[in-house]
Each structure stands twice: as C-alpha cells, then as structure tokens.
file query_34.txt (compact mmCIF, C-alpha atoms)
# COMPACT_ATOMS: atom_id res chain seq x y z
CA MET A 314 -17.55 -3.09 -7.65
CA SER A 315 -16.16 -2.08 -4.27
CA LEU A 316 -12.77 -0.50 -3.67
CA PHE A 317 -11.70 -3.71 -1.94
CA ALA A 318 -12.47 -5.66 -5.12
CA LEU A 319 -10.54 -3.14 -7.23
CA ILE A 320 -7.32 -3.56 -5.25
CA LYS A 321 -6.31 -6.72 -7.07
CA TYR A 322 -6.65 -4.90 -10.41
CA PHE A 323 -4.42 -2.10 -9.12
CA GLU A 324 -1.92 -4.78 -8.13
CA LEU A 325 -2.12 -6.29 -11.62
CA VAL A 326 -1.54 -2.93 -13.32
CA THR A 327 1.38 -2.26 -10.98
CA ALA A 328 2.91 -5.66 -11.74
CA ILE A 329 2.57 -5.07 -15.49
CA ILE A 330 4.17 -1.62 -15.25
CA GLY A 331 6.92 -3.07 -13.05
CA SER A 332 7.56 -5.73 -15.68
CA LEU A 333 7.93 -3.05 -18.35
CA TYR A 334 10.61 -1.30 -16.28
CA TYR A 335 12.28 -4.50 -15.06
CA ARG A 336 15.50 -3.95 -17.02
CA LYS A 337 16.10 -0.69 -15.19
CA TYR A 338 16.28 -2.52 -11.85
CA ALA A 339 17.48 -5.94 -13.01
CA ASP A 340 20.93 -5.46 -11.48
CA SER A 341 19.68 -4.22 -8.13
CA TYR A 342 18.02 -5.80 -5.13
CA LEU A 343 14.73 -4.23 -6.24
CA LYS A 344 14.34 -6.88 -8.94
CA TYR A 345 12.94 -9.24 -6.28
CA PHE A 346 10.15 -6.79 -5.52
CA LEU A 347 8.64 -7.55 -8.93
CA TYR A 348 8.57 -11.28 -8.14
CA ILE A 349 6.85 -10.58 -4.84
CA LEU A 350 4.36 -8.30 -6.56
CA TRP A 351 3.49 -10.93 -9.19
CA PHE A 352 3.15 -13.61 -6.51
CA ILE A 353 0.77 -11.44 -4.46
CA THR A 354 -1.25 -10.61 -7.59
CA ALA A 355 -1.52 -14.32 -8.46
CA VAL A 356 -2.64 -15.17 -4.92
CA GLU A 357 -5.25 -12.39 -4.91
CA PHE A 358 -6.74 -13.47 -8.25
CA THR A 359 -6.64 -17.16 -7.34
CA ILE A 360 -8.42 -16.66 -4.04
CA GLY A 361 -10.91 -14.29 -5.66
CA THR A 362 -11.66 -16.79 -8.42
CA LEU A 363 -12.07 -19.68 -6.02
CA LYS A 364 -14.46 -17.68 -3.85
CA THR A 365 -16.47 -16.16 -6.69
CA TYR A 366 -16.81 -18.83 -9.35
CA TYR A 367 -16.38 -22.06 -7.44
CA ASP A 368 -18.08 -20.96 -4.22
CA ILE A 369 -15.20 -22.34 -2.19
CA ARG A 370 -15.20 -20.85 1.29
CA PHE A 371 -12.06 -21.09 3.33
CA GLN A 372 -10.15 -19.01 5.81
CA ASN A 373 -7.34 -17.34 3.87
CA ASN A 374 -5.60 -15.60 6.76
CA PHE A 375 -3.07 -18.42 6.81
CA ILE A 376 -1.85 -17.40 3.36
CA TYR A 377 -1.75 -13.70 4.18
CA ASN A 378 0.09 -14.32 7.46
CA VAL A 379 2.91 -16.06 5.62
CA ILE A 380 2.98 -13.55 2.76
CA THR A 381 3.08 -10.44 4.94
CA SER A 382 5.80 -11.93 7.13
CA ALA A 383 7.88 -12.68 4.03
CA GLN A 384 7.25 -9.14 2.76
CA TYR A 385 8.57 -7.61 5.96
CA VAL A 386 11.68 -9.80 5.82
CA TYR A 387 12.24 -8.63 2.24
CA PHE A 388 11.82 -4.99 3.25
CA PHE A 389 14.34 -5.39 6.07
CA LEU A 390 16.80 -6.95 3.64
CA LEU A 391 16.13 -4.21 1.09
CA TYR A 392 16.75 -1.49 3.67
CA GLY A 393 19.91 -3.29 4.76
CA LYS A 394 21.20 -3.31 1.18
CA THR A 395 20.25 0.32 0.60
CA ILE A 396 21.70 1.91 3.73
CA LYS A 397 25.44 2.50 3.65
CA THR A 398 26.14 3.45 7.29
CA PRO A 399 27.42 0.38 9.18
CA LYS A 400 25.75 1.49 12.43
CA TYR A 401 22.31 1.63 10.81
CA ARG A 402 22.90 -1.63 8.96
CA ARG A 403 23.54 -3.30 12.32
CA TRP A 404 20.31 -1.78 13.64
CA ILE A 405 18.39 -3.15 10.66
CA SER A 406 20.00 -6.58 11.10
CA GLY A 407 18.97 -6.52 14.76
CA PHE A 408 15.41 -5.55 13.81
CA LEU A 409 15.33 -8.36 11.26
CA ILE A 410 16.41 -10.90 13.87
CA LEU A 411 13.89 -9.51 16.38
CA PHE A 412 11.12 -9.65 13.80
CA ALA A 413 11.96 -13.18 12.66
CA ALA A 414 12.00 -14.36 16.28
CA SER A 415 8.67 -12.66 16.99
CA VAL A 416 7.12 -14.26 13.89
CA ALA A 417 8.32 -17.70 14.98
CA ILE A 418 7.04 -17.21 18.54
CA ASN A 419 3.74 -15.80 17.31
CA PHE A 420 3.17 -18.56 14.75
CA LEU A 421 4.13 -21.35 17.13
CA TRP A 422 2.66 -20.29 20.46
CA VAL A 423 0.75 -17.00 20.61
CA GLN A 424 -1.63 -16.77 17.66
CA LYS A 425 -0.64 -20.13 16.15
CA LEU A 426 -0.30 -20.49 12.40
CA THR A 427 -3.09 -22.84 11.45
CA VAL A 428 -5.45 -23.00 8.50
CA THR A 429 -8.11 -21.21 10.57
CA ALA A 430 -5.72 -18.71 12.16
CA ALA A 431 -6.66 -15.14 12.79
CA PHE A 432 -4.65 -12.41 11.10
CA HIS A 433 -1.29 -12.11 12.88
CA SER A 434 -1.80 -8.64 14.24
CA TYR A 435 1.09 -8.70 16.74
CA THR A 436 3.87 -9.42 14.26
CA PHE A 437 2.26 -7.26 11.57
CA THR A 438 2.22 -4.31 13.96
CA LEU A 439 5.77 -5.00 15.15
CA GLY A 440 7.02 -5.16 11.55
CA ALA A 441 5.29 -1.88 10.74
CA ILE A 442 6.82 -0.16 13.78
CA LEU A 443 10.33 -1.49 13.19

call {"tool": "encode", "arguments": {"input": "query_34.txt", "output": "structure tokens"}}
result
Amino acid sequence: MSLFALIKYFELVTAIIGSLYYRKYADSYLKYFLYILWFITAVEFTIGTLKTYYDIRFQNNFIYNVITSAQYVYFFLLYGKTIKTPKYRRWISGFLILFAASVAINFLWVQKLTVTAAFHSYTFTLGAIL
C-alpha cells in the first residue's frame, strides 16, 4: 500500500481521536474542525471505494476544489476568532474577502468549476500565501 493510499487511514484515526476529545473544544470555534475532518474522511473513503470496488472512473477535482476552498474560508474565520488585535482581525477579514472573490472569479471564468475541472491551483496558492 502506498503512502498516498494510507493518507485516508491517517485521516480516519485523526477524526476518531478528535471525536474522543470533542468535549474539550465543544464550546470553541474549533468544534467545527471535527465536522470538516469527518466530512473529508467520508469523501476520501467514498471516492476510494467507488474507484476500487465499483471501477467507477470520474474526475474528482471538482469535489476537492470545493472542499479546499471551504477549508480556507474556515481557517480564515478561525484565525479571525482567535486573534484579539482589531488591526489584525481587519487584515484577516480583508484576506477572507479577497480570497472569496478570487475563488468566485477562478471558478466562474479562469479555471471554471466543472465536473472535469483541473485542480484550482491559483486560488489554492493564494489561500496558502494569505
């Protein structure tokens, strides 16, 4: 089994451990991270099962483009909730607006969000830099 195939099992173990410690973070904004983690784990196993056992071949970049964009929005919101300095919170809000606009422009006109879309490298890179 390759390292790439093992990643989904690492995600599953992480989601299980996160569920065990959920009460510790249930009153914070981090509780949503567990939902995202379980959703990503479910998507990974579903796509893996469809490709392996049912020999269904499809381009799954569409799904990952939406998921990674949503992850970056969550991370911006998480940083905004964590940081106390108003100046930096405004910066993060500005970055969030810039990122959301770039995702919309990228999905609509540049790389186009279609079922056969390529991975959205422009917005992924922008989100990583911001």

call {"tool": "closest_residue", "arguments": {"input": "query_34.txt", "among": "A:Ile349, A:Val386, A:Ile369, A:Ile380", "to": "Ala414 in chain A", "atoms": "only C-alpha atoms"}}
result
A:Val386

call {"tool": "closest_residue", "arguments": {"input": "query_34.txt", "among": "A:Asn373, A:Thr362, A:Ser406, A:Ser341", "to": "Lys321 in chain A", "atoms": "all atoms listed in the file"}}
result
A:Thr362

call {"tool": "closest_residue", "arguments": {"input": "query_34.txt", "among": "A:Thr381, A:Pro399, A:Ile376, A:Tyr348", "to": "Ile360 in chain A", "atoms": "all atoms listed in the file"}}
result
A:Ile376

call {"tool": "residues_around", "arguments": {"input": "query_34.txt", "residues": "Tyr385 in chain A", "least_positions_apart": "3", "cutoff": "9 Å", "atoms": "all atoms listed in the file", "output": "ChimeraX atom specification"}}
result
/A:380-382,388-390,409,412,437,440-441

call {"tool": "closest_residue", "arguments": {"input": "query_34.txt", "among": "A:Tyr322, A:Trp422, A:Phe352, A:Tyr334", "to": "Gln384 in chain A", "atoms": "all atoms listed in the file"}}
result
A:Phe352

call {"tool": "residues_near_point", "arguments": {"input": "query_34.txt", "point": "(-3.5, -14.0, 11.2)", "cutoff": "7 Å", "atoms": "only C-alpha atoms", "output": "list in words"}}
result
Asn374, Phe375, Asn378, Ala430, Ala431, Phe432, His433 and Ser434 of chain A

call {"tool": "atom_distance", "arguments": {"input": "query_34.txt", "atom1": "CA of Phe358 in chain A", "atom2": "CA of Asn419 in chain A"}}
result
27.7 Å

call {"tool": "closest_residue", "arguments": {"input": "query_34.txt", "among": "A:Tyr392, A:Ile410, A:Val379, A:Trp351", "to": "Thr327 in chain A", "atoms": "only C-alpha atoms"}}
result
A:Trp351

call {"tool": "closest_residue", "arguments": {"input": "query_34.txt", "among": "A:Met314, A:Leu439, A:Ala328, A:Val423", "to": "Thr354 in chain A", "atoms": "all atoms listed in the file"}}
result
A:Ala328

call {"tool": "atom_distance", "arguments": {"input": "query_34.txt", "atom1": "CA of Leu343 in chain A", "atom2": "CA of Leu391 in chain A"}}
result
7.5 Å

call {"tool": "atom_distance", "arguments": {"input": "query_34.txt", "atom1": "CA of Ile320 in chain A", "atom2": "CA of Leu426 in chain A"}}
result
25.4 Å

call {"tool": "axis_aligned_box", "arguments": {"input": "query_34.txt", "around": "range 349-359 of chain A", "padding_each_side": "4 Å", "output": "JSON"}}
result
{"center_x": 0.1, "center_y": -12.7, "center_z": -6.8, "size_x": 21.6, "size_y": 16.9, "size_z": 12.7}
